[in-house]
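Beneath this line is the structure, given in structure tokens, with notes to follow.
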Amino acid sequence: MNVPTPPLELAQEPEELKNIRRKAWNVYTQAPFPDRASTLWRFSSPEAFWIIPENISSMLERGKITYKLEAPNGLLLSDLQQAVSDESVPVGALVGPEFGKFEALNLALWERGAYLRIPERAKIDQPVVLRKHVSGEGLVLDRSLIHVAREASLTIVEVLEGELTGNGNGYLNAVKEVLVEEGAALTLVEIDLTRGTTRAFVTARHSIGSNAELKWVLARFGEGVLKANLGACLSGQGAKSEISGAVFGFGQGKSDIHTFHDHVEKRTFSNIVLRVVLQDRARSAYTGLIRIGTNASYSEAFQENQNLLLSGDVRAESIPELEILTDEVQCKHGVTVGPVEEELLFYLMSRGVPREDAVRLLVAGFLEPVLGHIPGDFREPLDGRVAHSIKPATEVENVL
Amino acid sequence: MEYRRSLLEVRDLHVEVEGKEVIRGLDLVLHRGEKLALMGPNGSGKSSLSMALMGHPGYKIKRGAIVLDGNDITGLSPDRRAKVGLFLAMQNPVVVQGLSVTNFLRAILKAKRGEEVPIREFREMLVKAMGLLEMERSFAARYVNDGFSGGEKKKLELLQMTLLNPKVAVVDEIDSGLDVDALKIVAEGINRVASEESAFLLITHYRRILDYIRPDGVAVLMEGRIVASGGPELINQIDRQGYDWLAVKTA
Ligand SMILES: Nc1ncnc2c1ncn2[C@@H]1O[C@H](COP(=O)(O)OP(=O)(O)OP(=O)(O)O)[C@@H](O)[C@H]1O
Ligand SMILES: [Mg+2]
């Protein structure tokens with residue numbers, strides 16, 4: 001078989017990483033396809049993310065990603081590949097070769113990548129902005145590693161822009177590993193502004209040390225196809241993770257989001273708020289797993305997924321899963337699925353607000369608990385997409 | 001009585017909610033400059049009437065017509081009714097999660113004018129109106145009715161009414177749950193909006209608010225029909241005797 005030599009074999013990489021890459025390549029090419037009966041793959045077809053090995057080199061040539069960091073006081077974005085060669089950077093520690101078939105493709109063949117290390121006790125007040133831009137019609141492998149050292153604190157805003165075209169097999173395959181060390185606090189805001197029907201396969205894992213805090217805010221508004229597996233491991237006592245996600249899907253857009261909060265240690269806290277708005281023929285699936293391990297007593301975990309349906313042709317699925325292996329814990333989850341409430345629409349309209357504007361206000365209000373966490377300048381394009389994309393369903397029109 | 005043009009005319013109105021007829025042949029006329037009190041026992045259909053007037057989709061108009069200042073609004077959507085000049089202060093206004101009072105009020109003013117109100121002008125209007133109603137400024141940042149006390153909700157209804165300055169206002173039990181001071185503030189607020197050019201329908205169970213507002217007359221609603229109407233002296237009679245004597249009369 002004309003298997004591409006992982007292109008990085010030639011690079012000056014540590015032997016250890018080369019081994020990881022070879023292992024990952026084996027997993028990608030040899031491992032069976034994921035089981036569609038598993039929750040993780042129930043709502044997406046693995047075939048959609050498979051590229052036959054022979055085509056990969058040429059697909060990679062046709063996809064492009066650039067990284068740009070806007071940061072104060074000399075904080076530098078490094079080339080991950082460079083960083084791996086210069087110092088010991090734990091690439092693959094959280095999303096390793098065995099993690100999954102498509103993650104393995106990323107690990108085997110990523111190039112350049114983005115690496116950000118926040119030194120111990122650094123307190124950065126201004127948001128650090130990382131801009132990613134994708135283009136072309138091929139495959140993009142995006143790999144980033146963020147390391148927030150002990151007691152450092154900052155906000156990172158990651159903006160993904162551009163468009164991957166081509167109705168072939170091209171897509172964005174992104175893997176992110178984030179280490180939040182003891183006592184550190186990271187607010188990570190990820191805004192996806194990709195255009196068109198860009199497809200994305202996204203995996204992220206955070207490791208959160210004792211008394212460290214992660215606030216993770218995600219917003220994705222568009223008609224692309226997304227399969228995301230987002231997780232945080234609460235690996236130190238008193239670790240805290242809060243995920244807020246806002247999805248607004250329209251056109252034929254599809255989002256399949258899985259979250260995993262893994263409570264390993266005592267007194268850990270997690271919370272998830274996922275708000276989904278669907279219009280036209282868009283679809284959403286959410287599967288959220290909370291695991292409270294045997295050592296994680298006195299932990300609390302919450303999960304809430306609300307879905308607002310703006311047309312009769314959309315579909316939303318939501319499956320919460322709990323795996324509780326110890327006592328003395330508090331867990332709660334809730335799901336709602338439904339159209340815009342008639343009483344709310346009536347209230348706004350009775351004050352003279354036309355139906356479309358009323359729906360817009362209600363959608364914005366519905367997303368506010370998530371978007372409210374996003375710093376002002378970065379909200380505008382999102383608010384703009386809500387304002388410009390909403391066309392309330394005719395059903396609603398008939399009622400009022 | 002001198003001739004005054006009617007601002008609101010309701011003719012032979014029949015309204016159904018959840019398959020039940022709750023307004024059963026109702027006629028009502030409000031003249032320019034008039035303030036009419038609408039009283040009636042619990043469940044007699046007062047709120048249903050106001051919802052139907054405003055165009056709530058759950059309150060189906062089966063028969064009859066609603067004419068506002070010469071426009072037949074019977075088939076219009078609620079926003080169009082508002083545009084023609086109708087306002088309803090609701091008995092139980094809903095909570096709108098995530099929508100701040102400020103953004104809400106800006107949206108309704110924009111809807112009224114057909115264009116965005118400049119931010120400075122808006123702020124001035126808001127500060128003034130909130131001041132008159134003795135509302136704390138921090139309300140502007142809160143979500144609409146979210147966590148508001150009963151009295152605060154009523155004030156927000158009145159604040160909207162003030163900014164919209166309607167031709168015809170239906171005010172559904174704005175006095176319920178208000179303490180004495182708030183009642184006075186709210187009544188004064190209503191008196192400020194009311195003018196010779198507008199008409200008010202004041203739904204209430206209590207005489208007290210009417211002592212401040214001094215309506216021109218009273219209509220009594222029972223089982224979906226107006227069963228009596230008269231001058232302000234009728235208020236005292238209801239206050240003393242309740243409604244039973246009227247029920248007997250119509251039986
Ligand atoms: N949305 C609804 N669904 C079902 N029944 C309703 C609805 N709204 C009103 N009704 C019924 O219609 C009748 C009239 O109710 P309405 O609220 O109009 O009375 P009201 O005169 O405003 O009473 P109150 O003085 O207690 O406010 C009642 O029997 C009530 O149960
Ligand atoms: Mg009522």
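By convention here, the chains of the structure tokens are called A, B, ... in the order presented, each chain's residues are numbered starting at 1, and ligands are numbered starting at 1 in the order presented.
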
### Query
Neighbours of Lys176 (chain A) within 10 Å (only C-alpha atoms; same-chain residues fewer than 6 positions away dropped), as a ChimeraX atom specification?
/A:91-92,94-95,113-115,142-146,202-206,230

Based on the selection just made, write all heavy atoms of those residues as a short mmCIF file (atom, residue, chain, number, x, y, z; two decimals), in the first residue's frame.
data_model
loop_
_atom_site.label_atom_id
_atom_site.label_comp_id
_atom_site.auth_asym_id
_atom_site.auth_seq_id
_atom_site.Cartn_x
_atom_site.Cartn_y
_atom_site.Cartn_z
N VAL A 91 3.07 16.52 24.17
CA VAL A 91 2.11 16.30 23.09
C VAL A 91 1.56 14.87 23.17
O VAL A 91 2.31 13.92 23.33
CB VAL A 91 2.77 16.51 21.71
CG1 VAL A 91 1.84 16.09 20.59
CG2 VAL A 91 3.18 17.96 21.55
N GLY A 92 0.25 14.76 23.11
CA GLY A 92 -0.35 13.43 23.15
C GLY A 92 -0.63 12.92 24.55
O GLY A 92 -1.13 11.82 24.73
N LEU A 94 -2.85 14.00 26.68
CA LEU A 94 -4.28 13.93 26.97
C LEU A 94 -5.07 13.30 25.83
O LEU A 94 -6.10 12.66 26.05
CB LEU A 94 -4.83 15.33 27.27
CG LEU A 94 -4.17 16.05 28.46
CD1 LEU A 94 -4.75 17.45 28.62
CD2 LEU A 94 -4.38 15.26 29.74
N VAL A 95 -4.61 13.51 24.62
CA VAL A 95 -5.27 12.88 23.48
C VAL A 95 -4.17 12.11 22.74
O VAL A 95 -3.52 12.62 21.84
CB VAL A 95 -5.94 13.91 22.56
CG1 VAL A 95 -6.70 13.21 21.42
CG2 VAL A 95 -6.92 14.79 23.36
N GLY A 113 1.36 23.44 14.24
CA GLY A 113 0.55 23.50 15.44
C GLY A 113 0.75 24.79 16.23
O GLY A 113 1.47 25.69 15.81
N ALA A 114 0.04 24.90 17.33
CA ALA A 114 0.13 26.10 18.15
C ALA A 114 0.41 25.71 19.59
O ALA A 114 -0.22 24.80 20.14
CB ALA A 114 -1.17 26.89 18.07
N TYR A 115 1.36 26.40 20.18
CA TYR A 115 1.74 26.09 21.56
C TYR A 115 1.81 27.38 22.36
O TYR A 115 2.46 28.35 21.96
CB TYR A 115 3.11 25.40 21.57
CG TYR A 115 3.66 25.14 22.95
CD1 TYR A 115 2.96 24.37 23.87
CD2 TYR A 115 4.90 25.67 23.33
CE1 TYR A 115 3.47 24.13 25.15
CE2 TYR A 115 5.43 25.43 24.60
CZ TYR A 115 4.71 24.67 25.50
OH TYR A 115 5.22 24.43 26.76
N ASP A 142 -5.31 20.57 12.76
CA ASP A 142 -5.00 21.67 13.67
C ASP A 142 -4.71 21.06 15.04
O ASP A 142 -5.55 20.34 15.58
CB ASP A 142 -6.22 22.61 13.73
CG ASP A 142 -6.17 23.55 14.93
OD1 ASP A 142 -5.06 23.90 15.37
OD2 ASP A 142 -7.26 23.93 15.41
N ARG A 143 -3.54 21.31 15.55
CA ARG A 143 -3.23 20.77 16.87
C ARG A 143 -2.71 21.89 17.75
O ARG A 143 -1.84 22.65 17.36
CB ARG A 143 -2.18 19.66 16.79
CG ARG A 143 -2.03 18.95 18.11
CD ARG A 143 -1.35 17.60 18.01
NE ARG A 143 -1.58 16.89 19.26
CZ ARG A 143 -2.38 15.84 19.39
NH1 ARG A 143 -3.02 15.35 18.35
NH2 ARG A 143 -2.54 15.26 20.57
N SER A 144 -3.29 21.99 18.94
CA SER A 144 -2.77 23.01 19.83
C SER A 144 -2.61 22.47 21.23
O SER A 144 -3.31 21.53 21.65
CB SER A 144 -3.65 24.26 19.81
OG SER A 144 -4.99 23.92 19.96
N LEU A 145 -1.68 23.07 21.92
CA LEU A 145 -1.42 22.67 23.30
C LEU A 145 -1.27 23.95 24.12
O LEU A 145 -0.50 24.83 23.78
CB LEU A 145 -0.15 21.83 23.36
CG LEU A 145 0.04 20.97 24.60
CD1 LEU A 145 0.89 19.76 24.28
CD2 LEU A 145 0.63 21.73 25.77
N ILE A 146 -2.08 24.03 25.15
CA ILE A 146 -2.00 25.20 26.03
C ILE A 146 -1.63 24.71 27.42
O ILE A 146 -2.22 23.77 27.94
CB ILE A 146 -3.36 25.93 26.08
CG1 ILE A 146 -3.75 26.41 24.68
CG2 ILE A 146 -3.31 27.10 27.05
CD1 ILE A 146 -5.17 26.96 24.59
N VAL A 202 -13.69 17.80 16.04
CA VAL A 202 -12.96 18.52 17.08
C VAL A 202 -12.88 17.69 18.35
O VAL A 202 -13.89 17.18 18.83
CB VAL A 202 -13.67 19.85 17.39
CG1 VAL A 202 -13.01 20.57 18.55
CG2 VAL A 202 -13.72 20.75 16.17
N THR A 203 -11.69 17.56 18.88
CA THR A 203 -11.54 16.86 20.16
C THR A 203 -10.71 17.74 21.08
O THR A 203 -9.68 18.27 20.67
CB THR A 203 -10.84 15.51 19.97
OG1 THR A 203 -11.63 14.71 19.08
CG2 THR A 203 -10.68 14.77 21.29
N ALA A 204 -11.17 17.90 22.29
CA ALA A 204 -10.41 18.70 23.24
C ALA A 204 -10.42 18.02 24.60
O ALA A 204 -11.45 17.48 25.03
CB ALA A 204 -11.01 20.10 23.34
N ARG A 205 -9.30 18.03 25.24
CA ARG A 205 -9.21 17.52 26.60
C ARG A 205 -8.44 18.50 27.48
O ARG A 205 -7.40 19.01 27.09
CB ARG A 205 -8.49 16.16 26.62
CG ARG A 205 -9.38 14.99 26.20
CD ARG A 205 -10.52 14.80 27.20
NE ARG A 205 -11.42 13.70 26.85
CZ ARG A 205 -12.49 13.80 26.07
NH1 ARG A 205 -12.81 14.97 25.53
NH2 ARG A 205 -13.25 12.76 25.82
N HIS A 206 -9.03 18.75 28.64
CA HIS A 206 -8.39 19.61 29.63
C HIS A 206 -8.05 18.77 30.84
O HIS A 206 -8.82 17.90 31.21
CB HIS A 206 -9.35 20.71 30.09
CG HIS A 206 -9.76 21.66 29.01
ND1 HIS A 206 -9.37 22.97 28.98
CD2 HIS A 206 -10.52 21.48 27.92
CE1 HIS A 206 -9.88 23.56 27.92
NE2 HIS A 206 -10.59 22.67 27.26
N LEU A 230 -15.70 17.03 23.74
CA LEU A 230 -15.08 18.03 24.61
C LEU A 230 -15.04 17.49 26.03
O LEU A 230 -16.06 17.11 26.57
CB LEU A 230 -15.91 19.32 24.57
CG LEU A 230 -16.33 19.80 23.18
CD1 LEU A 230 -17.34 20.93 23.28
CD2 LEU A 230 -15.11 20.24 22.39
#

### Task
Around ligand 1, at most 10 Å away and counting only C-alpha atoms and all ligand atoms, which residues are there? Put them as a PyMOL selection string, please.
chain B and resi 15-23+38-52+56+58-59+91-92+172-173+176+203-205+221-224

Against chain A, which residues of chain B fall within 10 Å? For each one I want the closest pair of atoms and the distance in Å (one decimal), counting only C-alpha atoms, rows by chain and increasing residue number, as a Markdown table.
| residue | atom | partner | partner_atom | distance |
| --- | --- | --- | --- | --- |
| B:Met51 | CA | A:Ser350 | CA | 9.7 |
| B:Met54 | CA | A:Ser350 | CA | 6.6 |
| B:Gly55 | CA | A:Ser350 | CA | 8.0 |
| B:His56 | CA | A:Phe346 | CA | 6.4 |
| B:Pro57 | CA | A:Leu400 | CA | 6.0 |
| B:Gly58 | CA | A:Val399 | CA | 9.0 |
| B:Leu76 | CA | A:Leu400 | CA | 8.8 |
| B:Ser77 | CA | A:Leu400 | CA | 5.8 |
| B:Pro78 | CA | A:Ser350 | CA | 4.8 |
| B:Asp79 | CA | A:Gly352 | CA | 4.0 |
| B:Arg80 | CA | A:Gly352 | CA | 6.6 |
| B:Arg81 | CA | A:Ser350 | CA | 7.5 |
| B:Ala82 | CA | A:Gly352 | CA | 4.8 |
| B:Lys83 | CA | A:Gly352 | CA | 5.7 |
| B:Val84 | CA | A:Gly352 | CA | 9.1 |
| B:Gly85 | CA | A:Gly352 | CA | 9.1 |
| B:Leu86 | CA | A:Ser350 | CA | 8.5 |
| B:Phe87 | CA | A:Arg351 | CA | 7.1 |
| B:Leu88 | CA | A:Ser350 | CA | 7.3 |
| B:Ala89 | CA | A:Ser350 | CA | 9.6 |
| B:Met90 | CA | A:Tyr347 | CA | 8.9 |
| B:Pro93 | CA | A:Tyr347 | CA | 7.5 |
| B:Val94 | CA | A:Leu344 | CA | 6.7 |
| B:Val95 | CA | A:Leu344 | CA | 7.9 |
| B:Val96 | CA | A:Leu344 | CA | 6.8 |
| B:Gln97 | CA | A:Gly365 | CA | 5.8 |
| B:Gly98 | CA | A:Gly365 | CA | 3.7 |
| B:Leu99 | CA | A:Gly365 | CA | 4.8 |
| B:Ser100 | CA | A:Gly365 | CA | 8.2 |
| B:Asn103 | CA | A:Leu361 | CA | 8.7 |
| B:Phe104 | CA | A:Leu361 | CA | 8.1 |
| B:Leu105 | CA | A:Arg351 | CA | 9.3 |
| B:Ala107 | CA | A:Val353 | CA | 6.9 |
| B:Ile108 | CA | A:Val353 | CA | 5.7 |
| B:Leu109 | CA | A:Gly352 | CA | 8.5 |
| B:Lys110 | CA | A:Val353 | CA | 8.3 |
| B:Ala111 | CA | A:Val353 | CA | 5.4 |
| B:Lys112 | CA | A:Gly352 | CA | 6.5 |
| B:Tyr143 | CA | A:Gly365 | CA | 8.8 |
| B:Gln160 | CA | A:Arg351 | CA | 8.0 |
| B:Met161 | CA | A:Arg351 | CA | 8.8 |
| B:Leu164 | CA | A:Arg351 | CA | 8.2 |

#### Entry: Non-local contacts of Gly230 (chain B) (8 Å; only C-alpha atoms; under 5 positions in same chain excluded) as an MDAnalysis selection string
chainID B and resid 217:219

Using only C-alpha atoms, determine which residues lie at most 8 Å from region 208-225 of chain A, disregarding the query and same-chain residues fewer than 3 positions distant; provide the list as a short mmCIF file (atom, residue, chain, number, x, y, z; two decimals) with N, CA and C atoms, in the first residue's frame.
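Output saved as part05.cif:
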data_model
loop_
_atom_site.label_atom_id
_atom_site.label_comp_id
_atom_site.auth_asym_id
_atom_site.auth_seq_id
_atom_site.Cartn_x
_atom_site.Cartn_y
_atom_site.Cartn_z
N GLU A 151 -0.84 28.58 39.27
CA GLU A 151 -1.33 29.87 39.77
C GLU A 151 -1.33 31.00 38.74
N LEU A 179 -3.51 21.99 29.68
CA LEU A 179 -3.14 21.66 31.05
C LEU A 179 -3.34 22.90 31.91
N VAL A 180 -4.17 22.76 32.91
CA VAL A 180 -4.37 23.87 33.84
C VAL A 180 -3.83 23.39 35.18
N GLU A 181 -2.67 23.90 35.53
CA GLU A 181 -2.00 23.39 36.73
C GLU A 181 -2.61 23.94 38.01
N GLU A 182 -2.21 23.32 39.09
CA GLU A 182 -2.62 23.69 40.44
C GLU A 182 -2.84 25.20 40.62
N GLY A 183 -4.00 25.55 41.09
CA GLY A 183 -4.27 26.94 41.44
C GLY A 183 -4.39 27.90 40.27
N ALA A 184 -4.30 27.41 39.06
CA ALA A 184 -4.38 28.30 37.89
C ALA A 184 -5.84 28.53 37.51
N ALA A 185 -6.08 29.59 36.75
CA ALA A 185 -7.44 29.87 36.29
C ALA A 185 -7.41 30.24 34.82
N LEU A 186 -8.09 29.45 34.04
CA LEU A 186 -8.13 29.72 32.60
C LEU A 186 -9.57 29.94 32.16
N THR A 187 -9.80 31.07 31.48
CA THR A 187 -11.07 31.25 30.78
C THR A 187 -10.76 31.10 29.30
N LEU A 188 -11.38 30.14 28.70
CA LEU A 188 -11.11 29.87 27.28
C LEU A 188 -12.39 30.10 26.49
N VAL A 189 -12.35 31.07 25.61
CA VAL A 189 -13.53 31.39 24.81
C VAL A 189 -13.24 30.97 23.38
N GLU A 190 -14.06 30.10 22.85
CA GLU A 190 -13.83 29.65 21.48
C GLU A 190 -15.00 30.06 20.60
N ILE A 191 -14.69 30.86 19.61
CA ILE A 191 -15.73 31.36 18.73
C ILE A 191 -15.49 30.82 17.32
N ASP A 192 -16.46 30.11 16.84
CA ASP A 192 -16.33 29.52 15.52
C ASP A 192 -17.12 30.35 14.51
N LEU A 193 -16.39 31.03 13.66
CA LEU A 193 -17.06 31.88 12.66
C LEU A 193 -16.80 31.35 11.26
N THR A 194 -16.51 30.07 11.16
CA THR A 194 -16.27 29.52 9.82
C THR A 194 -17.52 29.69 8.98
N ARG A 195 -17.31 29.82 7.69
CA ARG A 195 -18.44 30.05 6.80
C ARG A 195 -18.80 28.79 6.04
N GLY A 196 -19.94 28.90 5.37
CA GLY A 196 -20.37 27.82 4.49
C GLY A 196 -20.59 26.53 5.24
N THR A 197 -20.34 25.44 4.55
CA THR A 197 -20.66 24.13 5.13
C THR A 197 -19.40 23.45 5.65
N THR A 198 -18.46 24.23 6.10
CA THR A 198 -17.22 23.68 6.66
C THR A 198 -17.50 22.55 7.65
N ARG A 199 -16.78 21.45 7.45
CA ARG A 199 -16.95 20.31 8.34
C ARG A 199 -15.83 20.28 9.36
N ALA A 200 -16.16 19.92 10.57
CA ALA A 200 -15.12 19.90 11.58
C ALA A 200 -15.26 18.70 12.49
N ALA A 232 -13.15 17.46 30.13
CA ALA A 232 -12.25 17.99 31.14
C ALA A 232 -12.12 16.95 32.24
N CYS A 233 -10.88 16.73 32.63
CA CYS A 233 -10.62 15.79 33.71
C CYS A 233 -10.27 16.60 34.95
N LEU A 234 -11.09 16.43 35.99
CA LEU A 234 -10.87 17.16 37.22
C LEU A 234 -9.92 16.31 38.05
N SER A 235 -8.62 16.53 37.81
CA SER A 235 -7.65 15.57 38.32
C SER A 235 -7.04 15.97 39.65
N GLY A 236 -7.34 17.19 40.13
CA GLY A 236 -6.82 17.58 41.44
C GLY A 236 -7.96 17.95 42.36
N GLN A 237 -7.75 17.83 43.66
CA GLN A 237 -8.82 18.16 44.61
C GLN A 237 -9.25 19.61 44.43
N GLY A 238 -10.55 19.81 44.51
CA GLY A 238 -11.08 21.18 44.41
C GLY A 238 -11.05 21.76 43.01
N ALA A 239 -10.76 20.95 42.02
CA ALA A 239 -10.75 21.46 40.64
C ALA A 239 -12.16 21.80 40.19
N LYS A 240 -12.24 22.76 39.27
CA LYS A 240 -13.53 23.28 38.87
C LYS A 240 -13.58 23.45 37.35
N SER A 241 -14.67 23.02 36.75
CA SER A 241 -14.80 23.19 35.30
C SER A 241 -16.21 23.64 34.97
N GLU A 242 -16.29 24.72 34.21
CA GLU A 242 -17.61 25.18 33.77
C GLU A 242 -17.59 25.32 32.26
N ILE A 243 -18.48 24.62 31.61
CA ILE A 243 -18.56 24.71 30.16
C ILE A 243 -19.87 25.38 29.78
N SER A 244 -19.80 26.42 28.97
CA SER A 244 -21.01 27.06 28.45
C SER A 244 -20.93 27.03 26.93
N GLY A 245 -21.92 26.48 26.32
CA GLY A 245 -21.89 26.39 24.86
C GLY A 245 -23.14 26.98 24.24
N ALA A 246 -22.95 27.70 23.15
CA ALA A 246 -24.08 28.23 22.39
C ALA A 246 -23.95 27.76 20.95
N VAL A 247 -24.97 27.10 20.48
CA VAL A 247 -24.96 26.63 19.10
C VAL A 247 -26.17 27.22 18.40
N PHE A 248 -25.94 27.80 17.23
CA PHE A 248 -27.06 28.25 16.42
C PHE A 248 -26.86 27.65 15.04
N GLY A 249 -27.67 26.64 14.75
CA GLY A 249 -27.50 25.94 13.48
C GLY A 249 -28.59 26.32 12.51
N PHE A 250 -28.20 26.59 11.29
CA PHE A 250 -29.23 26.84 10.27
C PHE A 250 -28.86 26.14 8.98
N GLY A 251 -29.64 26.35 7.95
CA GLY A 251 -29.40 25.63 6.71
C GLY A 251 -29.46 24.13 6.98
N GLN A 252 -28.46 23.42 6.46
CA GLN A 252 -28.39 21.97 6.71
C GLN A 252 -27.41 21.70 7.85
N GLY A 253 -27.11 22.72 8.61
CA GLY A 253 -26.09 22.60 9.65
C GLY A 253 -26.35 21.44 10.61
N LYS A 254 -25.24 20.88 11.12
CA LYS A 254 -25.39 19.75 12.00
C LYS A 254 -24.34 19.86 13.09
N SER A 255 -24.77 19.68 14.31
CA SER A 255 -23.77 19.65 15.36
C SER A 255 -24.02 18.46 16.27
N ALA A 282 -31.70 22.32 10.30
CA ALA A 282 -30.51 22.03 11.10
C ALA A 282 -30.79 20.94 12.14
N VAL A 370 -24.97 32.15 27.85
CA VAL A 370 -23.67 31.72 27.33
C VAL A 370 -22.91 32.91 26.75
N LEU A 371 -23.57 33.65 25.87
CA LEU A 371 -22.88 34.75 25.19
C LEU A 371 -22.47 35.85 26.16
N HIS A 373 -20.85 35.59 28.64
CA HIS A 373 -19.47 35.37 29.12
C HIS A 373 -18.42 35.85 28.12
N ILE A 374 -18.88 36.22 26.93
CA ILE A 374 -17.92 36.56 25.88
C ILE A 374 -17.62 38.05 25.91
N LEU A 382 -21.15 37.49 16.51
CA LEU A 382 -22.12 36.45 16.87
C LEU A 382 -23.53 37.04 16.90
N ARG A 385 -24.74 37.48 13.53
CA ARG A 385 -25.22 36.26 12.86
C ARG A 385 -26.62 35.90 13.32
N VAL A 386 -26.90 36.11 14.59
CA VAL A 386 -28.26 35.83 15.07
C VAL A 386 -29.24 36.76 14.35
#

### Task
Pull the strand (DSSP E) assignments for region 25-166 of chain B out of DSSP run on the backbone, and list those residues as number ranges by chain.
B: 25-31, 35-39, 59-68, 71-72, 86-89

### Message
Using DSSP secondary structure from the backbone, list all helix (DSSP H, G or I) positions within region 140-246 of chain B, as a VMD selection string.
### Response
chain B and resid 140 to 141 150 to 164 180 to 193 207 to 213 233 to 241 244 to 246

Could you name the residues that touch Asp125 (chain A) at 12 Å or less, counting only C-alpha atoms, but leaving out those on the same chain fewer than 5 positions away, as a short mmCIF file (atom, residue, chain, number, x, y, z; two decimals) with N, CA and C atoms, in the first residue's frame?
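Dumped to selection.cif:
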data_model
loop_
_atom_site.label_atom_id
_atom_site.label_comp_id
_atom_site.auth_asym_id
_atom_site.auth_seq_id
_atom_site.Cartn_x
_atom_site.Cartn_y
_atom_site.Cartn_z
N ALA A 71 -1.32 39.25 21.69
CA ALA A 71 -1.16 39.13 23.14
C ALA A 71 -0.31 40.26 23.68
N PRO A 72 -0.59 40.64 24.92
CA PRO A 72 0.19 41.71 25.53
C PRO A 72 1.53 41.18 26.05
N ASN A 73 2.28 42.05 26.56
CA ASN A 73 3.58 41.84 27.19
C ASN A 73 4.34 40.57 26.81
N ALA A 152 -1.15 30.65 37.49
CA ALA A 152 -1.29 31.68 36.45
C ALA A 152 -2.77 31.88 36.18
N SER A 153 -3.13 33.05 35.65
CA SER A 153 -4.53 33.23 35.29
C SER A 153 -4.65 34.12 34.06
N LEU A 154 -5.55 33.75 33.18
CA LEU A 154 -5.76 34.54 31.97
C LEU A 154 -7.02 34.11 31.24
N THR A 155 -7.38 34.95 30.25
CA THR A 155 -8.47 34.63 29.34
C THR A 155 -7.89 34.48 27.94
N ILE A 156 -8.21 33.39 27.31
CA ILE A 156 -7.80 33.20 25.92
C ILE A 156 -9.05 33.21 25.05
N ALA A 185 -6.08 29.59 36.75
CA ALA A 185 -7.44 29.87 36.29
C ALA A 185 -7.41 30.24 34.82
N LEU A 186 -8.09 29.45 34.04
CA LEU A 186 -8.13 29.72 32.60
C LEU A 186 -9.57 29.94 32.16
N THR A 187 -9.80 31.07 31.48
CA THR A 187 -11.07 31.25 30.78
C THR A 187 -10.76 31.10 29.30
#

## Note on the structure
Closest of A:Arg291, A:His133, A:Arg267, A:Arg22 to Glu98 (chain A), counting only C-alpha atoms, is A:Arg22

### Query
Do you know which residues are at most 9 Å from Asn106 (chain A) counting only C-alpha atoms, after dropping those on the same chain fewer than 6 positions away, and could you put them as a PyMOL selection string?
chain A and resi 24-25+141-143+173-175

Save out the residues we just selected, N, CA, C and O atoms, as a tab-separated table (two decimals), in the first residue's frame.
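Once everything was written out, this is out_17.tsv:
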chain	number	residue	atom	x	y	z
A	24	ALA	N	0.23	6.17	16.25
A	24	ALA	CA	-1.03	6.82	15.88
A	24	ALA	C	-1.40	6.48	14.44
A	24	ALA	O	-2.57	6.21	14.13
A	25	TRP	N	-0.41	6.48	13.59
A	25	TRP	CA	-0.68	6.16	12.18
A	25	TRP	C	-1.25	4.75	12.06
A	25	TRP	O	-2.18	4.49	11.29
A	141	LEU	N	-5.19	19.73	9.55
A	141	LEU	CA	-4.96	19.15	10.88
A	141	LEU	C	-4.49	20.28	11.78
A	141	LEU	O	-3.44	20.86	11.57
A	142	ASP	N	-5.31	20.57	12.76
A	142	ASP	CA	-5.00	21.67	13.67
A	142	ASP	C	-4.71	21.06	15.04
A	142	ASP	O	-5.55	20.34	15.58
A	143	ARG	N	-3.54	21.31	15.55
A	143	ARG	CA	-3.23	20.77	16.87
A	143	ARG	C	-2.71	21.89	17.75
A	143	ARG	O	-1.84	22.65	17.36
A	173	ASN	N	-9.72	18.82	11.12
A	173	ASN	CA	-9.58	17.85	12.20
A	173	ASN	C	-8.73	18.54	13.27
A	173	ASN	O	-7.55	18.79	13.05
A	174	ALA	N	-9.36	18.90	14.36
A	174	ALA	CA	-8.67	19.70	15.37
A	174	ALA	C	-8.57	18.95	16.70
A	174	ALA	O	-9.53	18.35	17.15
A	175	VAL	N	-7.40	19.01	17.28
A	175	VAL	CA	-7.21	18.42	18.61
A	175	VAL	C	-6.55	19.46	19.50
A	175	VAL	O	-5.59	20.11	19.11

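Across B:Ile190, B:Leu26, B:Ile174, B:Ile213, the tightest approach to ligand 2 is made by B:Ile174 when counting only C-alpha atoms and all ligand atoms.
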
### Message
Taking 6 positions as the minimum chain separation for residues in the same chain, which residues sit within 10 Å of Ser297 (chain A) when counting only C-alpha atoms? Answer as a list in words.
### Response
His263, Val264, Glu265, Lys266, Arg267, Thr268, Ile324, Leu325, Thr326, Asp327, Glu328, Val329 and Gln330 of chain A
